[in-house]
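Asks: What follows is the file run21.pdb, containing PDB, C-alpha atoms:
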ATOM      1  CA  MET A   1     121.575 104.400 125.318  1.00  0.00           C
ATOM      2  CA  THR A   2     120.394 107.960 124.800  1.00  0.00           C
ATOM      3  CA  ASP A   3     120.702 111.318 126.517  1.00  0.00           C
ATOM      4  CA  ALA A   4     117.070 112.168 125.708  1.00  0.00           C
ATOM      5  CA  THR A   5     115.586 110.773 128.907  1.00  0.00           C
ATOM      6  CA  GLY A   6     112.257 112.635 128.872  1.00  0.00           C
ATOM      7  CA  ASN A   7     109.489 112.456 126.323  1.00  0.00           C
ATOM      8  CA  VAL A   8     109.771 116.071 125.212  1.00  0.00           C
ATOM      9  CA  GLN A   9     113.534 115.797 124.648  1.00  0.00           C
ATOM     10  CA  ALA A  10     113.180 112.996 122.080  1.00  0.00           C
ATOM     11  CA  SER A  11     113.009 114.038 118.433  1.00  0.00           C
ATOM     12  CA  TRP A  12     109.708 112.385 117.530  1.00  0.00           C
ATOM     13  CA  GLU A  13     109.327 114.552 114.444  1.00  0.00           C
ATOM     14  CA  PHE A  14     112.297 112.664 112.989  1.00  0.00           C
ATOM     15  CA  PHE A  15     111.253 109.172 114.059  1.00  0.00           C
ATOM     16  CA  ASN A  16     111.563 107.126 110.876  1.00  0.00           C
ATOM     17  CA  PRO A  17     109.152 104.179 110.767  1.00  0.00           C
ATOM     18  CA  ASP A  18     110.907 102.411 107.894  1.00  0.00           C
ATOM     19  CA  GLY A  19     113.735 101.006 110.018  1.00  0.00           C
ATOM     20  CA  TYR A  20     111.309 100.091 112.778  1.00  0.00           C
ATOM     21  CA  ILE A  21     109.040  98.248 110.331  1.00  0.00           C
ATOM     22  CA  GLY A  22     111.966  96.465 108.738  1.00  0.00           C
ATOM     23  CA  HIS A  23     113.259  95.227 112.063  1.00  0.00           C
ATOM     24  CA  ASN A  24     109.927  94.114 113.512  1.00  0.00           C
ATOM     25  CA  TYR A  25     107.316  93.397 110.846  1.00  0.00           C
ATOM     26  CA  ARG A  26     108.480  93.287 107.248  1.00  0.00           C
ATOM     27  CA  ASP A  27     109.925  89.800 106.801  1.00  0.00           C
ATOM     28  CA  GLU A  28     107.844  87.544 109.038  1.00  0.00           C
ATOM     29  CA  VAL A  29     105.280  87.347 111.803  1.00  0.00           C
ATOM     30  CA  LEU A  30     107.459  86.996 114.878  1.00  0.00           C
ATOM     31  CA  PRO A  31     106.410  84.345 117.428  1.00  0.00           C
ATOM     32  CA  GLU A  32     105.683  86.987 120.056  1.00  0.00           C
ATOM     33  CA  ASP A  33     103.353  88.864 117.685  1.00  0.00           C
ATOM     34  CA  LYS A  34     101.595  85.641 116.735  1.00  0.00           C
ATOM     35  CA  PHE A  35     101.094  84.925 120.431  1.00  0.00           C
ATOM     36  CA  ILE A  36      99.663  88.417 121.016  1.00  0.00           C
ATOM     37  CA  ILE A  37      97.226  88.059 118.108  1.00  0.00           C
ATOM     38  CA  GLU A  38      96.019  84.672 119.351  1.00  0.00           C
ATOM     39  CA  HIS A  39      95.780  85.939 122.926  1.00  0.00           C
ATOM     40  CA  MET A  40      93.742  89.009 121.934  1.00  0.00           C
ATOM     41  CA  ILE A  41      91.335  86.928 119.841  1.00  0.00           C
ATOM     42  CA  SER A  42      90.810  84.499 122.726  1.00  0.00           C
ATOM     43  CA  ARG A  43      90.226  87.173 125.374  1.00  0.00           C
ATOM     44  CA  ILE A  44      87.918  89.264 123.199  1.00  0.00           C
ATOM     45  CA  ALA A  45      85.805  86.190 122.446  1.00  0.00           C
ATOM     46  CA  GLU A  46      85.677  85.375 126.162  1.00  0.00           C
ATOM     47  CA  LEU A  47      84.961  88.845 127.532  1.00  0.00           C
ATOM     48  CA  CYS A  48      83.334  91.075 124.916  1.00  0.00           C
ATOM     49  CA  ASP A  49      80.282  91.409 122.725  1.00  0.00           C
ATOM     50  CA  PRO A  50      81.283  91.859 119.073  1.00  0.00           C
ATOM     51  CA  ARG A  51      80.364  94.949 117.043  1.00  0.00           C
ATOM     52  CA  THR A  52      78.920  96.969 119.904  1.00  0.00           C
ATOM     53  CA  ALA A  53      81.557  99.685 120.446  1.00  0.00           C
ATOM     54  CA  ARG A  54      81.127 103.101 118.896  1.00  0.00           C
ATOM     55  CA  ARG A  55      84.596 104.423 119.659  1.00  0.00           C
ATOM     56  CA  ILE A  56      87.850 102.477 120.043  1.00  0.00           C
ATOM     57  CA  LEU A  57      91.306 103.951 120.660  1.00  0.00           C
ATOM     58  CA  ASN A  58      94.742 102.792 119.572  1.00  0.00           C
ATOM     59  CA  VAL A  59      97.181 105.292 121.056  1.00  0.00           C
ATOM     60  CA  GLY A  60     100.867 105.514 120.186  1.00  0.00           C
ATOM     61  CA  HIS A  61      99.908 103.699 117.008  1.00  0.00           C
ATOM     62  CA  GLY A  62     103.109 104.171 115.037  1.00  0.00           C
ATOM     63  CA  ALA A  63     103.553 101.797 112.126  1.00  0.00           C
ATOM     64  CA  ASN A  64     101.941  98.717 113.697  1.00  0.00           C
ATOM     65  CA  PHE A  65      98.561  97.787 112.193  1.00  0.00           C
ATOM     66  CA  TYR A  66      97.948  94.309 113.555  1.00  0.00           C
ATOM     67  CA  PRO A  67      96.234  95.422 116.812  1.00  0.00           C
ATOM     68  CA  ASP A  68      93.671  97.279 114.655  1.00  0.00           C
ATOM     69  CA  MET A  69      92.702  94.189 112.685  1.00  0.00           C
ATOM     70  CA  VAL A  70      91.911  92.371 115.948  1.00  0.00           C
ATOM     71  CA  MET A  71      90.238  95.266 117.778  1.00  0.00           C
ATOM     72  CA  GLN A  72      87.948  96.077 114.834  1.00  0.00           C
ATOM     73  CA  GLN A  73      85.763  93.060 115.616  1.00  0.00           C
ATOM     74  CA  LEU A  74      84.506  94.977 118.654  1.00  0.00           C
ATOM     75  CA  LEU A  75      83.475  97.972 116.551  1.00  0.00           C
ATOM     76  CA  TRP A  76      79.885  98.760 115.645  1.00  0.00           C
ATOM     77  CA  ASP A  77      79.186  99.098 111.913  1.00  0.00           C
ATOM     78  CA  ASP A  78      79.116 102.902 112.209  1.00  0.00           C
ATOM     79  CA  GLY A  79      81.847 103.062 114.837  1.00  0.00           C
ATOM     80  CA  VAL A  80      85.227 104.773 114.698  1.00  0.00           C
ATOM     81  CA  LEU A  81      88.695 103.341 115.329  1.00  0.00           C
ATOM     82  CA  GLU A  82      90.870 106.292 116.382  1.00  0.00           C
ATOM     83  CA  LEU A  83      94.541 105.796 115.545  1.00  0.00           C
ATOM     84  CA  MET A  84      96.433 108.289 117.691  1.00  0.00           C
ATOM     85  CA  GLU A  85     100.052 109.199 117.007  1.00  0.00           C
ATOM     86  CA  ILE A  86     102.363 112.188 117.542  1.00  0.00           C
ATOM     87  CA  GLY A  87     105.236 111.773 115.055  1.00  0.00           C
ATOM     88  CA  TRP A  88     104.862 113.274 111.577  1.00  0.00           C
ATOM     89  CA  LEU A  89     106.659 110.476 109.730  1.00  0.00           C
ATOM     90  CA  ASN A  90     104.605 107.843 111.505  1.00  0.00           C
ATOM     91  CA  LEU A  91     101.438 109.737 110.612  1.00  0.00           C
ATOM     92  CA  ALA A  92     102.489 109.884 106.974  1.00  0.00           C
ATOM     93  CA  GLU A  93     103.205 106.144 106.946  1.00  0.00           C
ATOM     94  CA  MET A  94      99.820 105.431 108.520  1.00  0.00           C
ATOM     95  CA  CYS A  95      98.059 107.472 105.818  1.00  0.00           C
ATOM     96  CA  ARG A  96     100.033 105.683 103.110  1.00  0.00           C
ATOM     97  CA  VAL A  97      99.267 102.192 104.421  1.00  0.00           C
ATOM     98  CA  ILE A  98      95.547 102.885 104.835  1.00  0.00           C
ATOM     99  CA  ALA A  99      95.237 104.445 101.372  1.00  0.00           C
ATOM    100  CA  ALA A 100      97.061 101.491  99.806  1.00  0.00           C
ATOM    101  CA  GLY A 101      94.998  99.017 101.801  1.00  0.00           C
ATOM    102  CA  LEU A 102      91.684 100.555 100.794  1.00  0.00           C
ATOM    103  CA  ALA A 103      92.906 100.350  97.187  1.00  0.00           C
ATOM    104  CA  GLY A 104      93.485  96.609  97.645  1.00  0.00           C
ATOM    105  CA  ASP A 105      97.183  96.419  98.562  1.00  0.00           C
ATOM    106  CA  LYS A 106      97.577  94.939 102.052  1.00  0.00           C
ATOM    107  CA  GLY A 107     101.362  94.890 101.741  1.00  0.00           C
ATOM    108  CA  ILE A 108     103.307  93.379 104.617  1.00  0.00           C
ATOM    109  CA  TRP A 109     100.179  93.240 106.774  1.00  0.00           C
ATOM    110  CA  LYS A 110      98.597  90.429 104.765  1.00  0.00           C
ATOM    111  CA  LYS A 111     100.710  87.840 106.565  1.00  0.00           C
ATOM    112  CA  PHE A 112      99.410  89.180 109.888  1.00  0.00           C
ATOM    113  CA  GLU A 113      95.866  88.818 108.599  1.00  0.00           C
ATOM    114  CA  ASP A 114      96.716  85.243 107.573  1.00  0.00           C
ATOM    115  CA  ALA A 115      97.941  84.654 111.141  1.00  0.00           C
ATOM    116  CA  MET A 116      94.612  85.910 112.463  1.00  0.00           C
ATOM    117  CA  ARG A 117      92.711  83.635 110.063  1.00  0.00           C
ATOM    118  CA  ALA A 118      94.689  80.646 111.341  1.00  0.00           C
ATOM    119  CA  THR A 119      93.116  81.262 114.752  1.00  0.00           C
ATOM    120  CA  SER A 120      89.799  82.740 113.627  1.00  0.00           C
ATOM    121  CA  PRO A 121      88.904  81.326 110.168  1.00  0.00           C
ATOM    122  CA  ASP A 122      85.584  83.213 110.013  1.00  0.00           C
ATOM    123  CA  CYS A 123      87.108  86.648 110.696  1.00  0.00           C
ATOM    124  CA  GLY A 124      86.211  88.018 107.254  1.00  0.00           C
ATOM    125  CA  GLU A 125      88.402  90.903 106.063  1.00  0.00           C
ATOM    126  CA  PRO A 126      89.740  92.312 109.339  1.00  0.00           C
ATOM    127  CA  LEU A 127      92.356  94.620 107.823  1.00  0.00           C
ATOM    128  CA  MET A 128      89.956  96.128 105.311  1.00  0.00           C
ATOM    129  CA  ARG A 129      87.298  96.662 107.973  1.00  0.00           C
ATOM    130  CA  ALA A 130      89.825  98.287 110.305  1.00  0.00           C
ATOM    131  CA  TRP A 131      91.022 100.643 107.569  1.00  0.00           C
ATOM    132  CA  ARG A 132      87.469 101.593 106.572  1.00  0.00           C
ATOM    133  CA  HIS A 133      86.672 102.610 110.136  1.00  0.00           C
ATOM    134  CA  SER A 134      89.988 104.299 110.949  1.00  0.00           C
ATOM    135  CA  LYS A 135      90.404 107.947 111.836  1.00  0.00           C
ATOM    136  CA  ILE A 136      93.969 109.212 112.207  1.00  0.00           C
ATOM    137  CA  VAL A 137      94.483 111.715 115.022  1.00  0.00           C
ATOM    138  CA  GLN A 138      97.679 113.566 115.912  1.00  0.00           C
ATOM    139  CA  GLU A 139      97.786 113.769 119.697  1.00  0.00           C
ATOM    140  CA  SER A 140      99.874 112.803 122.702  1.00  0.00           C
ATOM    141  CA  VAL A 141      98.974 110.001 125.093  1.00  0.00           C
ATOM    142  CA  TYR A 142      99.433 112.531 127.911  1.00  0.00           C
ATOM    143  CA  LYS A 143      96.464 114.558 126.624  1.00  0.00           C
ATOM    144  CA  LEU A 144      93.895 111.776 126.362  1.00  0.00           C
ATOM    145  CA  PRO A 145      90.370 112.716 127.537  1.00  0.00           C
ATOM    146  CA  ALA A 146      88.952 110.714 130.429  1.00  0.00           C
ATOM    147  CA  ASP A 147      86.084 108.181 130.109  1.00  0.00           C
ATOM    148  CA  THR A 148      85.827 108.592 126.335  1.00  0.00           C
ATOM    149  CA  TYR A 149      86.500 105.271 124.583  1.00  0.00           C
ATOM    150  CA  ASP A 150      84.570 102.014 124.781  1.00  0.00           C
ATOM    151  CA  HIS A 151      87.778  99.973 124.379  1.00  0.00           C
ATOM    152  CA  GLY A 152      91.433 100.768 123.864  1.00  0.00           C
ATOM    153  CA  ALA A 153      94.829  99.466 122.752  1.00  0.00           C
ATOM    154  CA  MET A 154      98.324 100.731 123.493  1.00  0.00           C
ATOM    155  CA  PHE A 155     101.198  98.670 122.081  1.00  0.00           C
ATOM    156  CA  PHE A 156     104.886  99.242 122.844  1.00  0.00           C
ATOM    157  CA  CYS A 157     104.206 102.872 123.617  1.00  0.00           C
ATOM    158  CA  ALA A 158     104.276 103.803 127.307  1.00  0.00           C
ATOM    159  CA  GLU A 159     107.717 102.333 128.046  1.00  0.00           C
ATOM    160  CA  SER A 160     109.169 103.407 124.678  1.00  0.00           C
ATOM    161  CA  ILE A 161     108.463 107.155 124.652  1.00  0.00           C
ATOM    162  CA  THR A 162     110.434 108.215 127.718  1.00  0.00           C
ATOM    163  CA  GLY A 163     113.260 107.188 130.012  1.00  0.00           C
ATOM    164  CA  ASP A 164     111.506 108.777 132.987  1.00  0.00           C
ATOM    165  CA  ARG A 165     109.582 106.237 135.069  1.00  0.00           C
ATOM    166  CA  LYS A 166     107.068 108.784 136.339  1.00  0.00           C
ATOM    167  CA  GLU A 167     106.285 109.805 132.755  1.00  0.00           C
ATOM    168  CA  TYR A 168     105.870 106.143 131.883  1.00  0.00           C
ATOM    169  CA  GLU A 169     103.414 105.689 134.752  1.00  0.00           C
ATOM    170  CA  ARG A 170     101.557 108.849 133.777  1.00  0.00           C
ATOM    171  CA  SER A 171     101.082 107.616 130.212  1.00  0.00           C
ATOM    172  CA  VAL A 172      99.660 104.288 131.412  1.00  0.00           C
ATOM    173  CA  ASP A 173      97.278 106.076 133.776  1.00  0.00           C
ATOM    174  CA  ALA A 174      96.180 108.482 131.028  1.00  0.00           C
ATOM    175  CA  PHE A 175      95.411 105.572 128.725  1.00  0.00           C
ATOM    176  CA  LEU A 176      93.523 103.535 131.314  1.00  0.00           C
ATOM    177  CA  ASN A 177      91.527 106.589 132.405  1.00  0.00           C
ATOM    178  CA  SER A 178      90.543 107.325 128.789  1.00  0.00           C
ATOM    179  CA  VAL A 179      88.645 104.005 128.530  1.00  0.00           C
ATOM    180  CA  LYS A 180      85.172 103.858 130.038  1.00  0.00           C
ATOM    181  CA  PRO A 181      84.642 101.600 133.075  1.00  0.00           C
ATOM    182  CA  GLY A 182      84.108  98.020 131.936  1.00  0.00           C
ATOM    183  CA  GLY A 183      85.930  98.536 128.655  1.00  0.00           C
ATOM    184  CA  PHE A 184      88.435  96.074 127.219  1.00  0.00           C
ATOM    185  CA  VAL A 185      92.071  97.215 127.109  1.00  0.00           C
ATOM    186  CA  ALA A 186      94.858  95.503 125.187  1.00  0.00           C
ATOM    187  CA  MET A 187      98.405  96.549 126.053  1.00  0.00           C
ATOM    188  CA  ALA A 188     101.825  95.222 125.104  1.00  0.00           C
ATOM    189  CA  PHE A 189     105.201  96.192 126.563  1.00  0.00           C
ATOM    190  CA  MET A 190     108.853  95.692 125.716  1.00  0.00           C
ATOM    191  CA  ARG A 191     110.576  94.154 128.716  1.00  0.00           C
ATOM    192  CA  GLY A 192     113.945  95.431 129.860  1.00  0.00           C
ATOM    193  CA  SER A 193     114.482  97.994 127.109  1.00  0.00           C
ATOM    194  CA  GLU A 194     117.045 100.685 127.878  1.00  0.00           C
ATOM    195  CA  GLY A 195     116.537 102.605 124.643  1.00  0.00           C
ATOM    196  CA  TYR A 196     116.632 101.882 120.942  1.00  0.00           C
ATOM    197  CA  ALA A 197     117.806 103.307 117.632  1.00  0.00           C
ATOM    198  CA  THR A 198     115.779 104.001 114.500  1.00  0.00           C
ATOM    199  CA  ALA A 199     117.387 105.306 111.313  1.00  0.00           C
ATOM    200  CA  GLY A 200     120.474 106.316 113.287  1.00  0.00           C
ATOM    201  CA  ARG A 201     118.611 108.261 115.990  1.00  0.00           C
ATOM    202  CA  LEU A 202     118.478 107.179 119.618  1.00  0.00           C
ATOM    203  CA  TYR A 203     115.226 107.101 121.564  1.00  0.00           C
ATOM    204  CA  PRO A 204     114.579 106.574 125.289  1.00  0.00           C
ATOM    205  CA  ALA A 205     112.839 103.734 127.098  1.00  0.00           C
ATOM    206  CA  VAL A 206     112.023 102.623 130.633  1.00  0.00           C
ATOM    207  CA  PRO A 207     113.365  99.110 131.448  1.00  0.00           C
ATOM    208  CA  ILE A 208     110.184  97.682 132.929  1.00  0.00           C
ATOM    209  CA  GLU A 209     109.465  94.118 134.043  1.00  0.00           C
ATOM    210  CA  CYS A 210     106.241  92.210 134.703  1.00  0.00           C
ATOM    211  CA  PRO A 211     105.903  93.329 138.370  1.00  0.00           C
ATOM    212  CA  ASP A 212     106.032  96.977 137.229  1.00  0.00           C
ATOM    213  CA  VAL A 213     103.082  96.447 134.912  1.00  0.00           C
ATOM    214  CA  GLU A 214     101.083  94.335 137.334  1.00  0.00           C
ATOM    215  CA  GLY A 215     101.625  96.812 140.149  1.00  0.00           C
ATOM    216  CA  GLN A 216     100.246  99.692 138.144  1.00  0.00           C
ATOM    217  CA  PHE A 217      97.347  97.759 136.666  1.00  0.00           C
ATOM    218  CA  SER A 218      96.020  96.082 139.772  1.00  0.00           C
ATOM    219  CA  PRO A 219      93.962  99.010 141.130  1.00  0.00           C
ATOM    220  CA  LYS A 220      92.339  99.656 137.745  1.00  0.00           C
ATOM    221  CA  VAL A 221      91.979  96.515 135.655  1.00  0.00           C
ATOM    222  CA  ARG A 222      91.643  92.764 135.868  1.00  0.00           C
ATOM    223  CA  CYS A 223      94.863  91.403 134.383  1.00  0.00           C
ATOM    224  CA  LEU A 224      94.766  88.289 132.242  1.00  0.00           C
ATOM    225  CA  GLU A 225      97.918  86.290 131.495  1.00  0.00           C
TER     226      GLU A 225
END
Represent the structure of the file as structure tokens.
Replies:
Amino acid sequence: MTDATGNVQASWEFFNPDGYIGHNYRDEVLPEDKFIIEHMISRIAELCDPRTARRILNVGHGANFYPDMVMQQLLWDDGVLELMEIGWLNLAEMCRVIAAGLAGDKGIWKKFEDAMRATSPDCGEPLMRAWRHSKIVQESVYKLPADTYDHGAMFFCAESITGDRKEYERSVDAFLNSVKPGGFVAMAFMRGSEGYATAGRLYPAVPIECPDVEGQFSPKVRCLE
């Protein structure tokens, strides 16, 4: 779908989040996102102690805030939720959403919070807590420091920033290595993508399937369906 097969060839400085948000998040909570939210809540409750982490990562954050509202329940009261992104327009949108949210306007993300409350009625104000603890960082997934974060999330990032399979694998390894041993990792992938368009610009992707993910995870993490 695009000639920009490698990560560095893609024009991330022009990636426009508005079209991406409109297609994926603006109008409704899609069934697959509802499933992910419910799945994350269930696994965190099963595997993790709440409010004990001092440092949580969400890398390749883009314009998607619903992983933050779930991951924040792991964060200590003085902890930091690092939202890592490379594209300028995505960074600007992240700043705008957080500023609006802290001022009381949850915007399109309120319906995602309502979806979380349907599964976890006693969750409090997950969006507001996530925004209060957020720190926006401009950095590439390929430059993540090792053994740094207590827990981590990476959603629709590794397979959607390059058309080069080795680069895809390197980004997954960099993310997994950035989380301390025993940490909880939440990852989501787009199956079978061969590239996508946002605001008229084409971006690369690796068309992965479940065996690709399982094969790379198995030496490092315990996978949960």
Asks: Any chance you could resolve the PyMOL selection byres ((chain A and resi 49) around 12) against this file and give the residues as a VMD selection string?
Replies: chain A and resid 43 to 48 50 to 53 71 to 76 150 to 151 182 to 184
Asks: Need to verify the contact set: Asp18 (chain A), 10 Å, only C-alpha atoms, exclusion of same-chain residues closer than 4 positions in sequence. Can you return it as a list in words?
Replies: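 The filter keeps Gly22, His23, Arg26, Ala63, Leu89, Asn90, Glu93, Thr198 and Ala199 of chain A.
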Asks: Would you give the centre and edge lengths, in Å to one decimal, of a box along x, y and z around the listed atoms of region 21-39 of chain A, with 8 Å added to each side, as lines of an AutoDock Vina configuration file?
Replies:
center_x = 104.5
center_y = 91.3
center_z = 114.9
size_x = 33.5
size_y = 29.9
size_z = 32.1
Asks: Selection in question (the file shown): the PyMOL selection byres ((chain A and resi 55) around 7). Which residues does it include, as a tab-separated table (two decimals) with C-alpha atoms, in the frame of the given file?
Replies:
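Now in expr.tsv:
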chain	number	residue	atom	x	y	z
A	53	ALA	CA	81.56	99.68	120.45
A	54	ARG	CA	81.13	103.10	118.90
A	56	ILE	CA	87.85	102.48	120.04
A	57	LEU	CA	91.31	103.95	120.66
A	79	GLY	CA	81.85	103.06	114.84
A	80	VAL	CA	85.23	104.77	114.70
A	81	LEU	CA	88.70	103.34	115.33
A	149	TYR	CA	86.50	105.27	124.58
A	150	ASP	CA	84.57	102.01	124.78
Asks: On this file, the PyMOL selection byres ((chain A and resi 113-127) around 9) gives some set of residues; write that set as a ChimeraX atom specification.
Replies: /A:29,34,37-38,41-42,65-66,68-73,101,106,109-112,128-132
Asks: Provide the CA of Met84 (chain A) to CA of Val137 (chain A) distance in Å, to one decimal place.
Replies: 4.8 Å
Asks: To one decimal place in Å, what is the distance between CA of Gly6 (chain A) and CA of Phe156 (chain A)?
Replies: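 These two atoms are separated by 16.4 Å.
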Asks: When you draw a straight line from CA of Asp77 (chain A) to CA of Ser134 (chain A), how long is it in Å?
Replies: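 Atom-to-atom, CA of Asp77 (chain A) to CA of Ser134 (chain A), that is 12.0 Å.
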Asks: Could you list, as a PyMOL selection string, every residue within 10 Å of Ala197 (chain A), counting all atoms listed in the file and ignoring same-chain residues fewer than 3 positions away?
Replies: chain A and resi 1-2+15-16+19-20+200-204
Asks: Those same residues - C-alpha atoms - I'd like them written as a PDB file, keeping the file's coordinate frame.
Replies:
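As written to disk, again_2.pdb reads:
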ATOM      1  CA  MET A   1     121.575 104.400 125.318  1.00  0.00           C
ATOM      2  CA  THR A   2     120.394 107.960 124.800  1.00  0.00           C
ATOM      3  CA  PHE A  15     111.253 109.172 114.059  1.00  0.00           C
ATOM      4  CA  ASN A  16     111.563 107.126 110.876  1.00  0.00           C
ATOM      5  CA  GLY A  19     113.735 101.006 110.018  1.00  0.00           C
ATOM      6  CA  TYR A  20     111.309 100.091 112.778  1.00  0.00           C
ATOM      7  CA  GLY A 200     120.474 106.316 113.287  1.00  0.00           C
ATOM      8  CA  ARG A 201     118.611 108.261 115.990  1.00  0.00           C
ATOM      9  CA  LEU A 202     118.478 107.179 119.618  1.00  0.00           C
ATOM     10  CA  TYR A 203     115.226 107.101 121.564  1.00  0.00           C
ATOM     11  CA  PRO A 204     114.579 106.574 125.289  1.00  0.00           C
TER      12      PRO A 204
END
Asks: Identify the residues within 9 Å of coordinate (103.9, 93.6, 128.2) (same frame as the file), considering all atoms listed in the file, and give the answer as a ChimeraX atom specification.
Replies: /A:155-156,187-191,208-210,213
Asks: Would you export the selected residues with C-alpha atoms as a PDB file, in the coordinates of the input, please?
Replies:
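Wrote selection-v3.pdb, looks like this:
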ATOM      1  CA  PHE A 155     101.198  98.670 122.081  1.00  0.00           C
ATOM      2  CA  PHE A 156     104.886  99.242 122.844  1.00  0.00           C
ATOM      3  CA  MET A 187      98.405  96.549 126.053  1.00  0.00           C
ATOM      4  CA  ALA A 188     101.825  95.222 125.104  1.00  0.00           C
ATOM      5  CA  PHE A 189     105.201  96.192 126.563  1.00  0.00           C
ATOM      6  CA  MET A 190     108.853  95.692 125.716  1.00  0.00           C
ATOM      7  CA  ARG A 191     110.576  94.154 128.716  1.00  0.00           C
ATOM      8  CA  ILE A 208     110.184  97.682 132.929  1.00  0.00           C
ATOM      9  CA  GLU A 209     109.465  94.118 134.043  1.00  0.00           C
ATOM     10  CA  CYS A 210     106.241  92.210 134.703  1.00  0.00           C
ATOM     11  CA  VAL A 213     103.082  96.447 134.912  1.00  0.00           C
TER      12      VAL A 213
END
Asks: Could you check the closest approach to Gly152 (chain A) for each of A:Ile36, A:Gln9, A:Val185, A:Trp88 and tell me which residue wins, using all atoms listed in the file?
Replies: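 Among the listed residues, the smallest separation from Gly152 (chain A) belongs to A:Val185.
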Asks: Show me, as JSON, numbers by chain, the residues that have an atom within 12 Å of Asp212 (chain A) when counting only C-alpha atoms, minus same-chain residues fewer than 6 positions from it.
Replies: {"A": [159, 165, 166, 168, 169, 172, 189, 190, 191, 192, 206, 218]}
Asks: Out of A:Glu82, A:Asp173, A:Asp27, A:Glu13, which residue has the shortest atom-to-atom distance to Phe217 (chain A) when counting all atoms listed in the file?
Replies: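 Going through A:Glu82, A:Asp173, A:Asp27, A:Glu13 one by one, the smallest distance to Phe217 (chain A) is for A:Asp173.
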Asks: When you count all atoms listed in the file, which of these residues is closest to Leu144 (chain A): A:Pro31, A:Pro181, A:Gly60, A:Pro207?
Replies: A:Gly60
Asks: Check the smallest atom-to-atom distance from each of A:Val179, A:Ala153, A:Ile21, A:Leu30 to Met94 (chain A) using only C-alpha atoms, then report the winner.
Replies: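 Counting only C-alpha atoms, the residue closest to Met94 (chain A) is A:Ile21.
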Asks: In the coordinate frame of the file, compute which residues have an atom within 6 Å of (110.5, 111.1, 129.1) when using all atoms listed in the file, and state them as a list in words.
Replies: Thr5, Gly6, Asn7, Thr162, Gly163, Asp164 and Glu167 of chain A
